[in-house]
Amino acid sequence: MRVASFLLSLVGSASAAAVTADSLAVRTSPSVGAGCKALQKPLGDAVFLPKTNVYDYEAQNFWSNTEIMAPGCVFRPKSSEELATGLKALVAANAEFAVRGGGHMGIRGSNNIDGGVLVVMSNLTTLELNHDKSIVSVGPAYRWKDVYAYLGKYNLTAAGGRLGPVGVPGLLLAGGVNFYGNQVGFACTTVVNYEVVLADGTIVQANTKSNSDLFWALKGGSSNFGLVTRFDMETIPSRKVWAGTWTVAAKYIDRFLAATAKYASDIYDAKSHIVPALVPGDSTLASVILFYDSDNATFPDIFKPFTDIPTIASTMAFKTVAEFTAETGEEVVDGINDVFVAGTVKGTTYSELYHGISIINSTFFSQLPKLYAQIPTANISTIQLDWQPIGYDWIKASEARGGNALGLDSSKVYLCYAEVVEWIGSAYDDIVASWVEETTYAINNATQKAGLYDAFNYMGDSAGFQTMFTGYGEGNHQKLIKIAQKYDPHGVFQTLMPGGFKVY
Ligand SMILES: Cc1cc2nc3c(=O)[nH]c(=O)nc-3n(C[C@H](O)[C@H](O)[C@H](O)COP(=O)(O)OP(=O)(O)OC[C@H]3O[C@@H](n4cnc5c(N)ncnc54)[C@H](O)[C@@H]3O)c2cc1C
Ligand SMILES: *[C@@H]1O[C@H](CO)[C@@H](O)[C@H](O)[C@H]1NC(C)=O
Ligand SMILES: *[C@@H]1O[C@H](CO)[C@@H](O)[C@H](O)[C@H]1NC(C)=O
Ligand SMILES: *[C@@H]1O[C@H](CO)[C@@H](O)[C@H](O)[C@H]1NC(C)=O
Ligand SMILES: *[C@@H]1O[C@H](CO)[C@@H](O)[C@H](O)[C@H]1NC(C)=O
Ligand SMILES: *[C@@H]1O[C@H](CO)[C@@H](O)[C@H](O)[C@H]1NC(C)=O
Ligand SMILES: *[C@@H]1O[C@H](CO)[C@@H](O)[C@H](O)[C@H]1NC(C)=O
């Protein structure tokens with residue numbers, strides 16, 4: 001099933017086949033202002049109407065301009081209890097709402113809403129270590145840079161976003177591709193406990209002992225089960241790491257892509273992580289983030305296929321994770337329009353993976369002239385194509401920690417690609433949207449023909465037109481639906497909260 005912003009645009013039309021009669025009945029009755037009114041009585045000091053400073057700040061506090069909408073009010077709870085009271089009031093009033101953490105899901109309507117209540121997590125600011133510093137409790141207010149800065153004081157870090165500004169809650173609910181993945185798996189698998197506000201307003205803990213089915217579902221199942229008010233996650237000892245970006249000229253693209261396939265096919269050193277990217281433009285570049293979890297070793301052998309290519313710019317050095325994610329975070333430009341699109345090839349051998357990368361590369365580049373023909377280059381901020389290798393160690397480390405809902409098979413290597421387009425001017429939104437859709441289908445048809453396609457789309461990099469939970473495998477998808485029905489029998493998180501990827 002598609003993301004609900006897509007459903008929203010269909011509501012009222014006879015073609016909305018995916019919307020059941022039940023949910024339509026719920027959807028047609030709420031009046032636009034109902035939620036704001038219902039919240040004002042019990043929680044007046046946490047509700048902010050348009051033309052107030054808090055509303056103006058929170059309603060603009062999103063990564064991409066495409067996410068900005070016009071909510072009827074902002075609800076900013078200061079505790080889990082306030083959030084629970086508010087959620088009960090919204091459900092009683094049959095009122096629609098959206099929820100925003102760090103605001104980095106670049107899909108219009110996934111974390112925002114026109115007319116309804118925008119719930120923001122900005123004041124749920126728990127950030128503390130347990131007695132032996134093995135677990136950090138993090139509220140959904142935070143960006144990863146805040147978490148790394150806090151933990152850095154103790155020579156610790158955690159498995160989270162690779163760019164500092166990215167939000168904590170959305171990343172952990174999607175899975176979490178992180179620098180330590182070959183050692184600990186997806187970031188979500190390092191979460192040992194969630195505090196969750198359920199649809200009926202009860203506040204529960206989810207861990208291996210209590211609500212263990214919910215615990216599993218939150219690891220990749222996103223916002224379908226409850227609102228998470230605290231993540232308790234493992235800490236990782238870390239003083240400094242050897243990390244940076246290694247950039248090479250266009251003439252080395254083939255060698256660069258071969259290095260990517262080589263790395264993916266044999267990730268023999270789990271301290272390593274890479275993010276290889278092609279950046280087309282006037283002078284096309286290839287640039288790879290190299291991360292090595294060591295405060296005393298440089299140029300490890302596993303990076304040789306990259307570091308043997310002459311660099312035109314390198315930032316490789318020892319630095320803390322906080323310093324490094326501030327550096328990578330400089331790439332994030334606020335106040336422009338952005339889209340990410342995800343896709344996956346899988347294989348086991350170098351030649352399969354190289355073939356998959358090559359198809360993605362060639363198809364993507366062959367589509368570019370169509371985009372340049374419609375948007376002046378001055379209005380294109382960035383185009384990028386990158387790959388995230390998820391291999392055996394990563395998936396096994398995830399399984400060893402109890403697994404997650406993503407459904408990846410530890411006998412395969414997954415190369416999850418992401419297309420990134422960033423532009424200036426909302427006039428180009430529709431052009432970019434149809435271009436990425438066409439390009440993604442072209443890539444996936446070509447990889448499918450070669451027998452290398454996998455239906456998994458990494459949620460963190462997915463666009464609104466993409467399917468999500470069918471790519472987790474039919475078994476996991478059905479399991480997620482059952483768990484959603486158990487914890488939220490009236491489907492509040494599918495109907496009253498239409499934004500985000502929905503299990504049904
Ligand atoms: C520049 C950039 C870099 C990125 N780097 C990485 C990376 O290194 N690794 C990676 O894995 N991903 C990465 N991502 C993807 C990222 O994981 C997603 O964008 C993720 O959604 C960000 O979380 P957020 O809190 O900012 O999102 P939001 O947009 O705030 O939320 C995402 C979804 O989760 C829901 N939600 C938010 N908070 C809660 C809550 N507390 N309870 C229930 N539902 C909630 C929202 O309603 C929304 O549907 C990156 C994205 C960007 C834009
Ligand atoms: C709530 O969050 C905002 C934005 O981060 C901050 O300015 C404000 O001080 C916070 N209020 C409380 C009570 O924590
Ligand atoms: C962190 O590590 C540094 C050495 O890199 C050391 O000097 C410092 O005392 C450590 N701090 C803590 C809180 O352990
Ligand atoms: C480098 O650090 C590792 C891990 O802390 C340690 O085992 C190793 O002995 C160190 N090597 C050198 C040369 O200091
Ligand atoms: C990737 O695409 C570029 C640009 O079209 C091309 O020059 C290069 O040969 C391609 N490499 C591979 C391995 O597909
Ligand atoms: C193109 O970008 C410029 C700034 O570089 C901006 O002023 C202009 O409005 C944009 N064009 C459109 C059609 O939005
Ligand atoms: C192949 O392309 C068609 C549209 O041209 C699209 O509907 C279909 O989903 C694509 N296949 C894959 C696997 O993406």
# chains A, B, ... in the order shown; residues from 1 in each chain; ligands from 1
call {"tool": "closest_atom_pairs", "arguments": {"of": "chain A", "to": "ligand 5", "cutoff": "8 Å", "atoms": "only C-alpha atoms and all ligand atoms", "output": "CSV"}}
result
residue,atom,partner,partner_atom_place_in_ligand_line,distance
A:Ala250,CA,ligand 5,7 (O),7.9
A:Lys251,CA,ligand 5,7 (O),7.8
A:Ile253,CA,ligand 5,8 (C),6.1
A:Asp254,CA,ligand 5,13 (C),4.6
A:Arg255,CA,ligand 5,13 (C),7.9
A:Leu257,CA,ligand 5,13 (C),6.0
A:Ala258,CA,ligand 5,13 (C),7.2
A:Tyr354,CA,ligand 5,13 (C),7.4
A:His355,CA,ligand 5,13 (C),7.8
A:Ile357,CA,ligand 5,14 (O),7.0
A:Ser358,CA,ligand 5,14 (O),3.6
A:Ile359,CA,ligand 5,14 (O),6.2
A:Ile360,CA,ligand 5,14 (O),7.6
A:Asn361,CA,ligand 5,1 (C),4.7
A:Ser362,CA,ligand 5,2 (O),4.6
A:Phe364,CA,ligand 5,2 (O),7.9
A:Phe365,CA,ligand 5,5 (O),5.0
A:Ser366,CA,ligand 5,5 (O),6.5
call {"tool": "residues_around", "arguments": {"residues": "range 61-68 of chain A", "least_positions_apart": "2", "cutoff": "8 Å", "atoms": "only C-alpha atoms", "output": "tab-separated table (two decimals) with all heavy atoms, in the first residue's frame"}}
result
chain	number	residue	atom	x	y	z
A	57	TYR	N	7.37	29.05	14.09
A	57	TYR	CA	8.63	28.30	14.12
A	57	TYR	C	8.40	26.83	13.77
A	57	TYR	O	9.05	26.29	12.87
A	57	TYR	CB	9.27	28.44	15.51
A	57	TYR	CG	10.38	27.47	15.77
A	57	TYR	CD1	11.63	27.64	15.17
A	57	TYR	CD2	10.20	26.35	16.60
A	57	TYR	CE1	12.66	26.73	15.40
A	57	TYR	CE2	11.21	25.44	16.82
A	57	TYR	CZ	12.43	25.63	16.22
A	57	TYR	OH	13.44	24.73	16.43
A	58	GLU	N	7.46	26.20	14.47
A	58	GLU	CA	7.28	24.75	14.28
A	58	GLU	C	6.72	24.42	12.89
A	58	GLU	O	7.09	23.41	12.30
A	58	GLU	CB	6.36	24.18	15.37
A	58	GLU	CG	6.94	24.27	16.80
A	58	GLU	CD	8.13	23.35	17.05
A	58	GLU	OE1	8.53	22.61	16.13
A	58	GLU	OE2	8.65	23.37	18.19
A	59	ALA	N	5.86	25.27	12.36
A	59	ALA	CA	5.25	24.96	11.06
A	59	ALA	C	6.24	25.09	9.90
A	59	ALA	O	5.98	24.63	8.79
A	59	ALA	CB	4.02	25.84	10.83
A	70	ALA	N	-0.15	23.75	5.96
A	70	ALA	CA	-0.82	24.74	6.81
A	70	ALA	C	-1.69	24.06	7.86
A	70	ALA	O	-2.92	24.00	7.74
A	70	ALA	CB	-1.66	25.67	5.94
A	102	GLY	N	12.10	14.83	13.67
A	102	GLY	CA	13.12	15.72	13.11
A	102	GLY	C	12.72	16.31	11.75
A	102	GLY	O	13.45	17.13	11.20
A	103	GLY	N	11.60	15.87	11.18
A	103	GLY	CA	11.09	16.45	9.95
A	103	GLY	C	11.89	16.14	8.70
A	103	GLY	O	11.82	16.87	7.71
A	104	HIS	N	12.62	15.02	8.70
A	104	HIS	CA	13.46	14.71	7.53
A	104	HIS	C	12.84	13.73	6.55
A	104	HIS	O	13.47	13.39	5.55
A	104	HIS	CB	14.85	14.23	7.98
A	104	HIS	CG	15.76	15.38	8.27
A	104	HIS	ND1	15.53	16.23	9.32
A	104	HIS	CD2	16.85	15.84	7.62
A	104	HIS	CE1	16.47	17.17	9.32
A	104	HIS	NE2	17.29	16.95	8.30
A	105	MET	N	11.62	13.23	6.82
A	105	MET	CA	10.98	12.41	5.79
A	105	MET	C	10.44	13.39	4.74
A	105	MET	O	9.46	14.09	4.98
A	105	MET	CB	9.86	11.55	6.39
A	105	MET	CG	9.24	10.61	5.38
A	105	MET	SD	8.00	9.50	6.11
A	105	MET	CE	9.02	8.09	6.52
A	106	GLY	N	11.10	13.41	3.59
A	106	GLY	CA	10.83	14.46	2.61
A	106	GLY	C	9.59	14.22	1.77
A	106	GLY	O	9.59	14.54	0.58
A	107	ILE	N	8.55	13.68	2.36
A	107	ILE	CA	7.34	13.35	1.62
A	107	ILE	C	6.21	14.23	2.13
A	107	ILE	O	5.86	14.18	3.31
A	107	ILE	CB	6.97	11.87	1.82
A	107	ILE	CG1	8.11	10.96	1.37
A	107	ILE	CG2	5.66	11.54	1.10
A	107	ILE	CD1	7.90	9.49	1.72
A	108	ARG	N	5.65	15.04	1.24
A	108	ARG	CA	4.56	15.93	1.63
A	108	ARG	C	3.43	15.13	2.26
A	108	ARG	O	2.97	14.13	1.69
A	108	ARG	CB	4.06	16.68	0.40
A	108	ARG	CG	3.06	17.79	0.71
A	108	ARG	CD	2.70	18.56	-0.54
A	108	ARG	NE	1.76	19.62	-0.23
A	108	ARG	CZ	2.10	20.80	0.29
A	108	ARG	NH1	3.38	21.07	0.53
A	108	ARG	NH2	1.19	21.71	0.55
A	109	GLY	N	2.98	15.55	3.44
A	109	GLY	CA	1.88	14.86	4.10
A	109	GLY	C	2.30	13.69	4.97
A	109	GLY	O	1.47	13.10	5.64
A	110	SER	N	3.60	13.33	4.98
A	110	SER	CA	4.04	12.21	5.81
A	110	SER	C	4.19	12.61	7.26
A	110	SER	O	4.08	11.79	8.16
A	110	SER	CB	5.38	11.65	5.31
A	110	SER	OG	6.42	12.59	5.53
A	111	ASN	N	4.45	13.90	7.48
A	111	ASN	CA	4.75	14.39	8.84
A	111	ASN	C	4.09	15.75	9.06
A	111	ASN	O	4.52	16.49	9.96
A	111	ASN	CB	6.26	14.46	9.04
A	111	ASN	CG	6.93	15.21	7.89
A	111	ASN	OD1	6.26	15.94	7.15
A	111	ASN	ND2	8.23	15.05	7.75
A	112	ASN	N	3.09	16.09	8.24
A	112	ASN	CA	2.45	17.40	8.33
A	112	ASN	C	1.05	17.26	7.75
A	112	ASN	O	0.72	16.22	7.14
A	112	ASN	CB	3.27	18.44	7.57
A	112	ASN	CG	3.04	19.86	8.06
A	112	ASN	OD1	2.13	20.11	8.86
A	112	ASN	ND2	3.83	20.79	7.56
A	334	ASP	N	19.13	23.85	4.10
A	334	ASP	CA	17.74	24.09	4.49
A	334	ASP	C	17.05	25.01	3.49
A	334	ASP	O	17.70	25.75	2.76
A	334	ASP	CB	17.69	24.73	5.88
A	334	ASP	CG	18.00	23.72	6.97
A	334	ASP	OD1	17.68	22.53	6.78
A	334	ASP	OD2	18.59	24.12	7.99
A	335	GLY	N	15.73	24.95	3.47
A	335	GLY	CA	14.96	25.93	2.71
A	335	GLY	C	14.93	25.71	1.21
A	335	GLY	O	14.61	26.62	0.45
A	336	ILE	N	15.29	24.51	0.76
A	336	ILE	CA	15.12	24.20	-0.66
A	336	ILE	C	14.21	22.98	-0.78
A	336	ILE	O	13.67	22.52	0.22
A	336	ILE	CB	16.47	23.99	-1.39
A	336	ILE	CG1	17.25	22.82	-0.79
A	336	ILE	CG2	17.29	25.27	-1.34
A	336	ILE	CD1	18.50	22.45	-1.60
A	337	ASN	N	14.04	22.48	-1.99
A	337	ASN	CA	13.13	21.37	-2.22
A	337	ASN	C	13.92	20.11	-2.50
A	337	ASN	O	14.89	20.15	-3.27
A	337	ASN	CB	12.20	21.68	-3.40
A	337	ASN	CG	11.35	22.90	-3.15
A	337	ASN	OD1	11.77	23.83	-2.46
A	337	ASN	ND2	10.15	22.92	-3.70
A	338	ASP	N	13.50	19.02	-1.89
A	338	ASP	CA	14.31	17.80	-1.98
A	338	ASP	C	13.43	16.57	-2.17
A	338	ASP	O	12.32	16.51	-1.64
A	338	ASP	CB	15.08	17.55	-0.69
A	338	ASP	CG	15.72	18.79	-0.08
A	338	ASP	OD1	14.98	19.63	0.49
A	338	ASP	OD2	16.93	18.93	-0.19
A	426	SER	N	9.36	25.84	-6.16
A	426	SER	CA	8.27	24.86	-6.13
A	426	SER	C	7.64	24.66	-7.50
A	426	SER	O	6.95	23.66	-7.73
A	426	SER	CB	7.19	25.32	-5.15
A	426	SER	OG	7.76	25.42	-3.87
A	429	ASP	N	8.36	21.21	-8.74
A	429	ASP	CA	8.03	20.02	-7.93
A	429	ASP	C	7.47	18.87	-8.77
A	429	ASP	O	7.89	17.72	-8.63
A	429	ASP	CB	7.01	20.36	-6.82
A	429	ASP	CG	7.60	21.24	-5.72
A	429	ASP	OD1	8.77	21.67	-5.84
A	429	ASP	OD2	6.88	21.52	-4.75
call {"tool": "closest_residue", "arguments": {"among": "A:Val91, A:Ala405, A:Ile113, A:Ala313", "to": "Gly491 in chain A", "atoms": "only C-alpha atoms"}}
result
A:Val91
call {"tool": "select_by_dssp", "arguments": {"residues": "range 10-160 of chain A", "states": "strand (DSSP E or B)", "output": "ChimeraX atom specification"}}
result
/A:47-48,73-75,97-100,117-120,127-129,135-138,143,156-157
call {"tool": "residues_near_ligand", "arguments": {"ligand": "ligand 1", "cutoff": "6 Å", "atoms": "only C-alpha atoms and all ligand atoms", "output": "PyMOL selection string"}}
result
chain A and resi 98-105+110-111+140+161-163+166-171+176-178+222-223+226-229+332+460-461+499-500
call {"tool": "write_last_selection", "arguments": {"atoms": "N, CA and C atoms", "output": "CSV table (one decimal), in the first residue's frame"}}
result
chain,number,residue,atom,x,y,z
A,98,ALA,N,-1.1,15.0,12.4
A,98,ALA,CA,0.2,14.5,11.9
A,98,ALA,C,1.2,14.6,13.0
A,99,VAL,N,2.3,13.8,12.8
A,99,VAL,CA,3.3,13.8,13.9
A,99,VAL,C,4.7,14.1,13.2
A,100,ARG,N,5.4,15.0,13.8
A,100,ARG,CA,6.7,15.3,13.3
A,100,ARG,C,7.8,15.2,14.3
A,101,GLY,N,8.8,14.4,14.0
A,101,GLY,CA,10.0,14.3,14.9
A,101,GLY,C,11.0,15.3,14.3
A,102,GLY,N,12.1,14.8,13.7
A,102,GLY,CA,13.1,15.7,13.1
A,102,GLY,C,12.7,16.3,11.8
A,103,GLY,N,11.6,15.9,11.2
A,103,GLY,CA,11.1,16.5,9.9
A,103,GLY,C,11.9,16.1,8.7
A,104,HIS,N,12.6,15.0,8.7
A,104,HIS,CA,13.5,14.7,7.5
A,104,HIS,C,12.8,13.7,6.6
A,105,MET,N,11.6,13.2,6.8
A,105,MET,CA,11.0,12.4,5.8
A,105,MET,C,10.4,13.4,4.7
A,110,SER,N,3.6,13.3,5.0
A,110,SER,CA,4.0,12.2,5.8
A,110,SER,C,4.2,12.6,7.3
A,111,ASN,N,4.5,13.9,7.5
A,111,ASN,CA,4.7,14.4,8.8
A,111,ASN,C,4.1,15.8,9.1
A,140,PRO,N,12.2,11.9,21.5
A,140,PRO,CA,12.1,12.1,20.1
A,140,PRO,C,12.3,13.5,19.6
A,161,GLY,N,22.1,8.3,12.8
A,161,GLY,CA,22.2,9.0,11.5
A,161,GLY,C,23.7,9.3,11.1
A,162,ARG,N,24.0,9.3,9.9
A,162,ARG,CA,25.4,9.6,9.4
A,162,ARG,C,25.5,11.1,9.1
A,163,LEU,N,24.4,11.9,9.2
A,163,LEU,CA,24.5,13.3,9.0
A,163,LEU,C,23.8,13.9,10.3
A,166,VAL,N,19.8,15.0,11.0
A,166,VAL,CA,18.7,14.1,10.8
A,166,VAL,C,18.0,13.7,12.2
A,167,GLY,N,16.7,13.6,12.1
A,167,GLY,CA,15.9,13.3,13.4
A,167,GLY,C,16.1,11.9,13.9
A,168,VAL,N,16.0,11.8,15.2
A,168,VAL,CA,16.2,10.5,15.9
A,168,VAL,C,14.9,9.6,15.6
A,169,PRO,N,13.7,10.1,15.9
A,169,PRO,CA,12.6,9.1,15.9
A,169,PRO,C,12.3,8.4,14.5
A,170,GLY,N,12.3,9.3,13.5
A,170,GLY,CA,11.9,8.7,12.2
A,170,GLY,C,13.0,7.7,11.7
A,171,LEU,N,14.3,8.0,12.0
A,171,LEU,CA,15.3,7.1,11.6
A,171,LEU,C,15.2,5.7,12.3
A,176,GLY,N,17.4,2.4,10.2
A,176,GLY,CA,18.6,3.1,10.6
A,176,GLY,C,19.9,2.6,10.0
A,177,VAL,N,20.3,3.1,8.8
A,177,VAL,CA,21.6,2.8,8.2
A,177,VAL,C,22.6,3.6,8.9
A,178,ASN,N,23.6,3.0,9.5
A,178,ASN,CA,24.6,3.7,10.4
A,178,ASN,C,26.0,3.3,10.2
A,222,SER,N,7.5,1.7,11.5
A,222,SER,CA,7.2,3.2,11.5
A,222,SER,C,6.0,3.5,12.5
A,223,SER,N,5.1,4.4,12.0
A,223,SER,CA,4.2,5.0,12.9
A,223,SER,C,2.8,4.3,13.0
A,226,GLY,N,1.9,3.2,17.5
A,226,GLY,CA,1.8,4.1,18.6
A,226,GLY,C,2.8,5.2,18.4
A,227,LEU,N,2.8,6.2,19.4
A,227,LEU,CA,3.7,7.3,19.3
A,227,LEU,C,4.8,7.1,20.3
A,228,VAL,N,6.1,7.0,19.8
A,228,VAL,CA,7.2,6.7,20.7
A,228,VAL,C,7.7,8.0,21.4
A,229,THR,N,7.7,7.9,22.8
A,229,THR,CA,8.2,9.0,23.5
A,229,THR,C,9.6,8.9,24.1
A,332,VAL,N,23.7,19.4,4.2
A,332,VAL,CA,22.3,19.6,4.3
A,332,VAL,C,21.9,21.0,4.2
A,460,GLY,N,13.8,5.1,4.9
A,460,GLY,CA,14.4,6.4,5.1
A,460,GLY,C,14.7,7.1,3.8
A,461,ASP,N,14.9,6.4,2.7
A,461,ASP,CA,15.2,7.0,1.5
A,461,ASP,C,14.1,6.9,0.5
A,499,GLY,N,-0.6,10.4,7.7
A,499,GLY,CA,0.8,10.5,7.1
A,499,GLY,C,1.7,9.4,7.4
A,500,GLY,N,2.6,9.2,6.5
A,500,GLY,CA,3.7,8.2,6.6
A,500,GLY,C,3.3,6.9,5.9
call {"tool": "closest_atom_pairs", "arguments": {"of": "chain A", "to": "ligand 2", "cutoff": "10 Å", "atoms": "only C-alpha atoms and all ligand atoms", "output": "CSV"}}
result
residue,atom,partner,partner_atom_place_in_ligand_line,distance
A:Ala46,CA,ligand 2,13 (C),9.2
A:Val54,CA,ligand 2,3 (C),7.9
A:Tyr57,CA,ligand 2,4 (C),8.3
A:Glu58,CA,ligand 2,4 (C),7.9
A:Asn61,CA,ligand 2,4 (C),9.8
A:Arg76,CA,ligand 2,1 (C),7.4
A:Pro77,CA,ligand 2,1 (C),8.6
A:Lys78,CA,ligand 2,13 (C),6.2
A:Ser79,CA,ligand 2,14 (O),9.5
A:Val120,CA,ligand 2,2 (O),9.2
A:Met121,CA,ligand 2,2 (O),8.3
A:Ser122,CA,ligand 2,2 (O),4.8
A:Asn123,CA,ligand 2,1 (C),4.3
A:Leu124,CA,ligand 2,14 (O),7.6
A:Thr125,CA,ligand 2,14 (O),7.3
A:Ala141,CA,ligand 2,5 (O),7.8
A:Tyr142,CA,ligand 2,5 (O),9.2
call {"tool": "closest_residue", "arguments": {"among": "A:Ser212, A:Thr85, A:Ser381, A:Thr298", "to": "ligand 6", "atoms": "only C-alpha atoms and all ligand atoms"}}
result
A:Ser381
